[in-house]
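Source file: run_39.cif; contents: mmCIF, C-alpha atoms.
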```cif
data_coords
#
loop_
_atom_site.group_PDB
_atom_site.id
_atom_site.type_symbol
_atom_site.label_atom_id
_atom_site.label_comp_id
_atom_site.auth_asym_id
_atom_site.auth_seq_id
_atom_site.Cartn_x
_atom_site.Cartn_y
_atom_site.Cartn_z
ATOM 1 C CA MET A 1 -2.393 20.578 -2.223
ATOM 2 C CA SER A 2 -4.987 18.044 -0.995
ATOM 3 C CA LEU A 3 -4.007 15.045 1.078
ATOM 4 C CA SER A 4 -4.771 11.520 -0.152
ATOM 5 C CA PRO A 5 -7.471 9.698 1.813
ATOM 6 C CA PRO A 6 -6.474 6.782 4.091
ATOM 7 C CA PHE A 7 -6.051 3.505 2.221
ATOM 8 C CA LEU A 8 -8.706 1.665 4.256
ATOM 9 C CA GLN A 9 -10.960 3.469 6.707
ATOM 10 C CA ILE A 10 -13.571 1.933 9.018
ATOM 11 C CA ALA A 11 -15.749 4.435 10.866
ATOM 12 C CA GLY A 12 -18.518 3.919 13.416
ATOM 13 C CA LEU A 13 -18.930 0.235 12.589
ATOM 14 C CA HIS A 14 -21.766 -1.549 14.388
ATOM 15 C CA PHE A 15 -22.566 -5.216 13.834
ATOM 16 C CA SER A 16 -24.400 -7.887 15.810
ATOM 17 C CA HIS A 17 -24.969 -11.605 15.326
ATOM 18 C CA GLY A 18 -28.624 -11.636 16.338
ATOM 19 C CA PRO A 19 -28.776 -10.217 19.883
ATOM 20 C CA ILE A 20 -25.004 -10.536 20.393
ATOM 21 C CA PRO A 21 -23.017 -7.361 19.591
ATOM 22 C CA VAL A 22 -19.681 -7.960 17.873
ATOM 23 C CA PHE A 23 -18.643 -4.403 16.944
ATOM 24 C CA GLN A 24 -19.897 -1.220 18.565
ATOM 25 C CA ASP A 25 -18.650 2.058 17.092
ATOM 26 C CA PHE A 26 -15.503 0.324 15.831
ATOM 27 C CA GLN A 27 -12.939 2.645 14.240
ATOM 28 C CA ALA A 28 -9.789 1.765 12.315
ATOM 29 C CA THR A 29 -7.531 3.171 9.634
ATOM 30 C CA LEU A 30 -5.082 0.970 7.743
ATOM 31 C CA PRO A 31 -2.242 2.007 5.426
ATOM 32 C CA PRO A 32 -0.985 0.068 2.402
ATOM 33 C CA GLY A 33 1.124 -3.008 3.146
ATOM 34 C CA LEU A 34 0.468 -5.967 5.395
ATOM 35 C CA SER A 35 -1.673 -5.617 8.521
ATOM 36 C CA LEU A 36 -2.994 -7.988 11.180
ATOM 37 C CA VAL A 37 -6.311 -8.268 12.963
ATOM 38 C CA CYS A 38 -5.820 -10.445 16.037
ATOM 39 C CA GLY A 39 -7.735 -11.489 19.112
ATOM 40 C CA ASP A 40 -9.049 -14.476 20.990
ATOM 41 C CA GLU A 41 -11.705 -16.904 19.755
ATOM 42 C CA GLY A 42 -15.045 -15.235 19.128
ATOM 43 C CA ARG A 43 -13.733 -11.672 19.136
ATOM 44 C CA GLY A 44 -14.775 -10.989 15.539
ATOM 45 C CA LYS A 45 -11.666 -11.518 13.405
ATOM 46 C CA THR A 46 -13.390 -13.460 10.636
ATOM 47 C CA THR A 47 -16.519 -11.340 10.981
ATOM 48 C CA LEU A 48 -14.482 -8.216 10.256
ATOM 49 C CA LEU A 49 -13.076 -9.782 7.078
ATOM 50 C CA ARG A 50 -16.571 -10.762 5.962
ATOM 51 C CA LEU A 51 -17.836 -7.246 6.609
ATOM 52 C CA LEU A 52 -14.987 -5.751 4.600
ATOM 53 C CA ALA A 53 -15.677 -8.203 1.777
ATOM 54 C CA GLY A 54 -19.344 -7.293 1.658
ATOM 55 C CA GLU A 55 -20.402 -10.818 2.615
ATOM 56 C CA LEU A 56 -22.006 -9.370 5.759
ATOM 57 C CA LYS A 57 -23.744 -6.008 5.987
ATOM 58 C CA PRO A 58 -22.972 -3.688 8.923
ATOM 59 C CA ASP A 59 -25.818 -2.450 11.070
ATOM 60 C CA ALA A 60 -24.296 1.029 10.915
ATOM 61 C CA GLY A 61 -21.050 2.751 9.994
ATOM 62 C CA SER A 62 -19.013 3.254 6.865
ATOM 63 C CA LEU A 63 -16.188 1.581 4.958
ATOM 64 C CA ARG A 64 -13.837 3.264 2.503
ATOM 65 C CA LEU A 65 -11.076 1.822 0.335
ATOM 66 C CA GLY A 66 -9.407 4.918 -0.977
ATOM 67 C CA LEU A 67 -12.330 6.730 -2.576
ATOM 68 C CA LEU A 68 -14.436 3.578 -2.980
ATOM 69 C CA ASP A 69 -17.605 3.151 -0.953
ATOM 70 C CA PRO A 70 -19.363 -0.252 -1.088
ATOM 71 C CA LEU A 71 -22.770 1.384 -0.646
ATOM 72 C CA GLN A 72 -22.233 3.614 -3.676
ATOM 73 C CA ASP A 73 -20.580 1.068 -5.989
ATOM 74 C CA ALA A 74 -20.754 -2.529 -4.760
ATOM 75 C CA ALA A 75 -19.399 -3.957 -8.044
ATOM 76 C CA ALA A 76 -16.257 -1.801 -7.942
ATOM 77 C CA TRP A 77 -15.742 -2.710 -4.287
ATOM 78 C CA GLN A 78 -15.980 -6.443 -4.995
ATOM 79 C CA ALA A 79 -13.490 -6.096 -7.844
ATOM 80 C CA GLU A 80 -10.944 -4.483 -5.518
ATOM 81 C CA VAL A 81 -11.455 -6.579 -2.359
ATOM 82 C CA CYS A 82 -10.597 -10.276 -2.461
ATOM 83 C CA TRP A 83 -12.030 -12.593 0.203
ATOM 84 C CA LEU A 84 -12.043 -16.343 -0.517
ATOM 85 C CA ASP A 85 -13.333 -18.506 2.305
ATOM 86 C CA PRO A 86 -11.787 -22.015 2.089
ATOM 87 C CA ARG A 87 -14.782 -23.364 4.034
ATOM 88 C CA ASN A 88 -17.144 -22.400 1.203
ATOM 89 C CA GLU A 89 -18.586 -25.603 -0.294
ATOM 90 C CA ARG A 90 -19.839 -23.957 -3.483
ATOM 91 C CA PHE A 91 -16.958 -25.299 -5.578
ATOM 92 C CA ASP A 92 -16.632 -28.754 -3.995
ATOM 93 C CA ARG A 93 -17.387 -30.531 -7.288
ATOM 94 C CA GLU A 94 -15.175 -28.220 -9.342
ATOM 95 C CA ARG A 95 -11.477 -28.424 -10.168
ATOM 96 C CA PRO A 96 -8.990 -25.727 -9.090
ATOM 97 C CA ALA A 97 -9.000 -24.306 -12.634
ATOM 98 C CA ASP A 98 -12.716 -23.553 -12.282
ATOM 99 C CA CYS A 99 -12.025 -21.724 -9.008
ATOM 100 C CA PHE A 100 -9.262 -19.680 -10.614
ATOM 101 C CA ALA A 101 -11.470 -18.780 -13.587
ATOM 102 C CA TRP A 102 -14.190 -17.531 -11.233
ATOM 103 C CA VAL A 103 -11.708 -15.393 -9.285
ATOM 104 C CA ALA A 104 -10.178 -14.025 -12.510
ATOM 105 C CA LYS A 105 -13.637 -12.953 -13.658
ATOM 106 C CA ARG A 106 -14.222 -11.045 -10.408
ATOM 107 C CA HIS A 107 -10.790 -9.393 -10.292
ATOM 108 C CA PRO A 108 -9.696 -7.804 -13.584
ATOM 109 C CA ARG A 109 -5.972 -7.627 -12.682
ATOM 110 C CA PHE A 110 -5.748 -11.357 -11.953
ATOM 111 C CA ASP A 111 -2.150 -12.376 -12.729
ATOM 112 C CA ARG A 112 -1.915 -15.800 -14.363
ATOM 113 C CA SER A 113 1.889 -15.818 -14.382
ATOM 114 C CA ARG A 114 1.871 -15.238 -10.626
ATOM 115 C CA LEU A 115 -0.718 -17.979 -10.291
ATOM 116 C CA ASP A 116 1.592 -20.412 -12.117
ATOM 117 C CA ALA A 117 4.422 -19.577 -9.710
ATOM 118 C CA LEU A 118 2.116 -20.061 -6.728
ATOM 119 C CA LEU A 119 0.935 -23.426 -8.030
ATOM 120 C CA GLU A 120 4.561 -24.558 -8.050
ATOM 121 C CA GLY A 121 5.487 -22.949 -4.735
ATOM 122 C CA LEU A 122 2.451 -24.331 -2.904
ATOM 123 C CA GLY A 123 2.802 -27.821 -4.371
ATOM 124 C CA LEU A 124 -0.566 -27.717 -6.131
ATOM 125 C CA VAL A 125 0.452 -28.951 -9.581
ATOM 126 C CA PRO A 126 -0.222 -32.678 -8.836
ATOM 127 C CA HIS A 127 -3.744 -31.814 -7.642
ATOM 128 C CA LEU A 128 -5.029 -29.683 -10.511
ATOM 129 C CA ASP A 129 -7.152 -32.440 -12.078
ATOM 130 C CA LYS A 130 -8.932 -33.297 -8.809
ATOM 131 C CA ALA A 131 -12.237 -31.906 -7.601
ATOM 132 C CA LEU A 132 -11.967 -29.839 -4.442
ATOM 133 C CA TYR A 133 -13.891 -32.357 -2.344
ATOM 134 C CA MET A 134 -11.097 -34.874 -3.035
ATOM 135 C CA LEU A 135 -8.425 -32.601 -1.533
ATOM 136 C CA SER A 136 -7.203 -32.438 2.044
ATOM 137 C CA THR A 137 -8.069 -29.412 4.170
ATOM 138 C CA GLY A 138 -4.565 -28.004 3.732
ATOM 139 C CA THR A 139 -4.583 -28.458 -0.037
ATOM 140 C CA ARG A 140 -8.017 -26.854 -0.360
ATOM 141 C CA ARG A 141 -6.726 -23.874 1.622
ATOM 142 C CA LYS A 142 -3.741 -23.617 -0.729
ATOM 143 C CA VAL A 143 -6.033 -23.483 -3.771
ATOM 144 C CA TRP A 144 -7.822 -20.440 -2.362
ATOM 145 C CA LEU A 145 -4.583 -18.861 -1.123
ATOM 146 C CA ALA A 146 -3.123 -19.104 -4.633
ATOM 147 C CA ALA A 147 -6.252 -17.561 -6.108
ATOM 148 C CA ALA A 148 -6.338 -14.707 -3.589
ATOM 149 C CA LEU A 149 -2.669 -13.833 -3.991
ATOM 150 C CA ALA A 150 -2.926 -13.958 -7.788
ATOM 151 C CA SER A 151 -6.021 -11.740 -7.772
ATOM 152 C CA GLN A 152 -3.947 -8.553 -7.490
ATOM 153 C CA ALA A 153 -6.894 -6.956 -5.707
ATOM 154 C CA ARG A 154 -6.152 -3.736 -3.855
ATOM 155 C CA LEU A 155 -7.208 -5.359 -0.573
ATOM 156 C CA VAL A 156 -6.607 -9.081 0.040
ATOM 157 C CA LEU A 157 -8.271 -10.604 3.109
ATOM 158 C CA LEU A 158 -6.713 -13.778 4.520
ATOM 159 C CA ASP A 159 -8.124 -15.792 7.420
ATOM 160 C CA GLU A 160 -5.424 -17.786 9.265
ATOM 161 C CA PRO A 161 -3.423 -18.241 6.048
ATOM 162 C CA PHE A 162 -0.702 -20.392 7.650
ATOM 163 C CA ALA A 163 -3.108 -22.978 9.102
ATOM 164 C CA ALA A 164 -2.647 -26.575 7.876
ATOM 165 C CA LEU A 165 0.259 -25.679 5.573
ATOM 166 C CA ASP A 166 3.441 -27.707 5.124
ATOM 167 C CA ARG A 167 6.818 -26.073 5.636
ATOM 168 C CA SER A 168 7.617 -25.431 1.968
ATOM 169 C CA SER A 169 4.197 -23.859 1.438
ATOM 170 C CA ILE A 170 4.740 -21.647 4.489
ATOM 171 C CA ARG A 171 7.980 -20.392 2.952
ATOM 172 C CA CYS A 172 6.206 -19.660 -0.337
ATOM 173 C CA LEU A 173 3.436 -17.790 1.477
ATOM 174 C CA GLU A 174 5.939 -15.782 3.526
ATOM 175 C CA THR A 175 7.676 -14.694 0.315
ATOM 176 C CA GLU A 176 4.384 -13.572 -1.223
ATOM 177 C CA LEU A 177 3.273 -11.703 1.883
ATOM 178 C CA ALA A 178 6.661 -10.022 2.264
ATOM 179 C CA GLU A 179 6.234 -8.641 -1.266
ATOM 180 C CA LEU A 180 2.693 -7.496 -0.502
ATOM 181 C CA ALA A 181 3.989 -5.789 2.648
ATOM 182 C CA GLN A 182 6.112 -3.508 0.454
ATOM 183 C CA ALA A 183 3.346 -2.593 -2.000
ATOM 184 C CA PRO A 184 2.637 1.170 -2.054
ATOM 185 C CA ASP A 185 -0.880 0.827 -3.462
ATOM 186 C CA ARG A 186 -2.189 -2.509 -2.153
ATOM 187 C CA ALA A 187 -2.840 -4.056 1.241
ATOM 188 C CA GLY A 188 -3.247 -7.438 2.845
ATOM 189 C CA LEU A 189 -5.177 -7.958 6.072
ATOM 190 C CA ILE A 190 -4.491 -11.195 7.947
ATOM 191 C CA ALA A 191 -6.838 -12.472 10.643
ATOM 192 C CA ASP A 192 -4.989 -14.671 13.128
ATOM 193 C CA TYR A 193 -4.296 -15.188 16.823
ATOM 194 C CA GLY A 194 -0.860 -13.574 16.648
ATOM 195 C CA ALA A 195 1.592 -11.886 14.327
ATOM 196 C CA PRO A 196 3.190 -14.035 11.622
ATOM 197 C CA PRO A 197 6.926 -14.391 12.277
ATOM 198 C CA SER A 198 9.451 -12.536 10.134
ATOM 199 C CA LEU A 199 6.893 -10.388 8.316
ATOM 200 C CA PRO A 200 6.771 -6.592 8.615
ATOM 201 C CA LEU A 201 3.367 -5.300 9.664
ATOM 202 C CA ALA A 202 2.082 -1.841 8.774
ATOM 203 C CA ALA A 203 -0.632 -1.956 11.472
ATOM 204 C CA VAL A 204 -2.202 -4.261 14.065
ATOM 205 C CA LEU A 205 -5.881 -4.283 15.054
ATOM 206 C CA ASP A 206 -6.134 -6.056 18.408
ATOM 207 C CA LEU A 207 -9.706 -7.115 19.178
ATOM 208 C CA GLY A 208 -8.758 -8.315 22.655
ATOM 209 C CA ASP A 209 -8.919 -11.504 24.676
#
```

In structure tokens, write the structure found in this file.
Amino acid sequence: MSLSPPFLQIAGLHFSHGPIPVFQDFQATLPPGLSLVCGDEGRGKTTLLRLLAGELKPDAGSLRLGLLDPLQDAAAWQAEVCWLDPRNERFDRERPADCFAWVAKRHPRFDRSRLDALLEGLGLVPHLDKALYMLSTGTRRKVWLAAALASQARLVLLDEPFAALDRSSIRCLETELAELAQAPDRAGLIADYGAPPSLPLAAVLDLGD
């Protein structure tokens, strides 16, 4: 009987921003559920998410999501890994519905009923007819959070998901992440300075101070 491969495996990862090394022979294995990558400013939290998403290319090393390898099948990898950067200005002139349609096209299991619940829980319904550039920083972040959580991707990457959220939205997000933490075949990786309260973590990657 063969053993299943690790859910997410990072092996021998090297990456530099110009002459500045960020990761040198970085190794990590993550199980399904909710995990955290933490560390001080400039330690590479967001960079790691961007590498996993395929937005940045490693200088060396390998990534595996189950049996998927981004070098062998980039399209399949992008369909199964969801990374939505709220600082991206590409959709500034678009409405949230246009953002959701784009995410649904990338991720074939996108769940529109879950999206509807998230729109209510995150207080986004009054803002659906506005272009993104008209929204506050917190509301823009909620648009992309709703899209990411509705994507149903096997790996969801979230950068400081609680930043700039109101209390009711925090409660909604905690409920969603608690459900993701129990998933046997999906994972969420949060990048933040510390562990989110009241949420069970399957693993912690500490990049240091």

Neighbouring residues of Trp83 of chain A were defined as those with any atom within 8 Å, considering all atoms listed in the file; residues of the same chain fewer than 4 positions away were excluded. Please report them as a PDB file with C-alpha atoms, keeping the file's coordinate frame.
```pdb
ATOM      1  CA  LEU A  49     -13.076  -9.782   7.078  1.00  0.00           C
ATOM      2  CA  ARG A  50     -16.571 -10.762   5.962  1.00  0.00           C
ATOM      3  CA  ALA A  53     -15.677  -8.203   1.777  1.00  0.00           C
ATOM      4  CA  ALA A 148      -6.338 -14.707  -3.589  1.00  0.00           C
ATOM      5  CA  VAL A 156      -6.607  -9.081   0.040  1.00  0.00           C
ATOM      6  CA  LEU A 157      -8.271 -10.604   3.109  1.00  0.00           C
ATOM      7  CA  LEU A 158      -6.713 -13.778   4.520  1.00  0.00           C
TER       8      LEU A 158
END
```

Exercise. When you draw a straight line from atom CA of Ser136 of chain A to atom CA of Ala164 of chain A, how long is it in Å?
Worked result: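 Answer for the atom CA of Ser136 of chain A to atom CA of Ala164 of chain A separation: 9.4 Å.
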
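For Gly121 of chain A, the non-local neighbours within 10 Å, defined as residues at least 5 positions apart in the same chain or in other chains and counting only C-alpha atoms, are Leu115, Asp116, Ala146, Ser168, Ser169, Ile170, Arg171, Cys172, Leu173 and Thr175 of chain A.
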
For this session: Do a neighbour search on Gly138 of chain A at 10 Å with all atoms listed in the file, toss out local chain neighbours closer than 3 positions, and write the hits as a ChimeraX atom specification.
Result: /A:86,135,141-143,162-166,169

For this session: Within 10 Å of (5.1, -13.4, 4.2) (coordinates as in the file), grab all the protein and nucleic acid residues, counting all atoms listed in the file, and write them out as a list of chain:residue names.
Result: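 Answer for this query, in the requested form: A:Leu34, A:Pro161, A:Phe162, A:Ile170, A:Arg171, A:Cys172, A:Leu173, A:Glu174, A:Thr175, A:Glu176, A:Leu177, A:Ala178, A:Glu179, A:Leu180, A:Ala181, A:Pro196, A:Pro197, A:Ser198, A:Leu199, A:Pro200, A:Leu201.
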
For this session: Might you spell out which residues the PyMOL selection byres ((chain A and resi 98-110) around 12) would select in the displayed file, as JSON, numbers by chain?
Result: {"A": [75, 76, 77, 78, 79, 80, 81, 82, 83, 84, 85, 86, 88, 89, 90, 91, 92, 93, 94, 95, 96, 97, 111, 112, 113, 114, 115, 116, 119, 128, 129, 130, 131, 132, 140, 142, 143, 144, 145, 146, 147, 148, 149, 150, 151, 152, 153, 154, 155, 156]}

Problem set entry | Residues in the PyMOL selection byres ((chain A and resi 44) around 12), expressed as a PyMOL selection string | chain A and resi 14-17+20-24+26+37-43+45-51+159+191-193+205-209

Exercise. Atom CA of Leu8 of chain A and atom CA of Ala195 of chain A are how many Å apart?
Worked result: 19.8 Å

For this session: Check which residues satisfy the PyMOL selection byres ((chain A and resi 66-69) around 12) in the file shown, then give them as a PyMOL selection string.
Result: chain A and resi 3-10+29-32+52-54+61-65+70-81+154-155+185-187

Can you sort out the box for segment 179-184 of chain A, edges along x, y and z, all listed atoms in, 5 Å on every side, with centre and edge lengths in Å to one decimal, as lines of an AutoDock Vina configuration file?
```
center_x = 4.4
center_y = -3.7
center_z = 0.3
size_x = 13.6
size_y = 19.8
size_z = 14.7
```

Exercise. Expressed in Å to a single decimal, how great is the separation between atom CA of Ala203 of chain A and atom CA of Ser35 of chain A?
Worked result: 4.8 Å
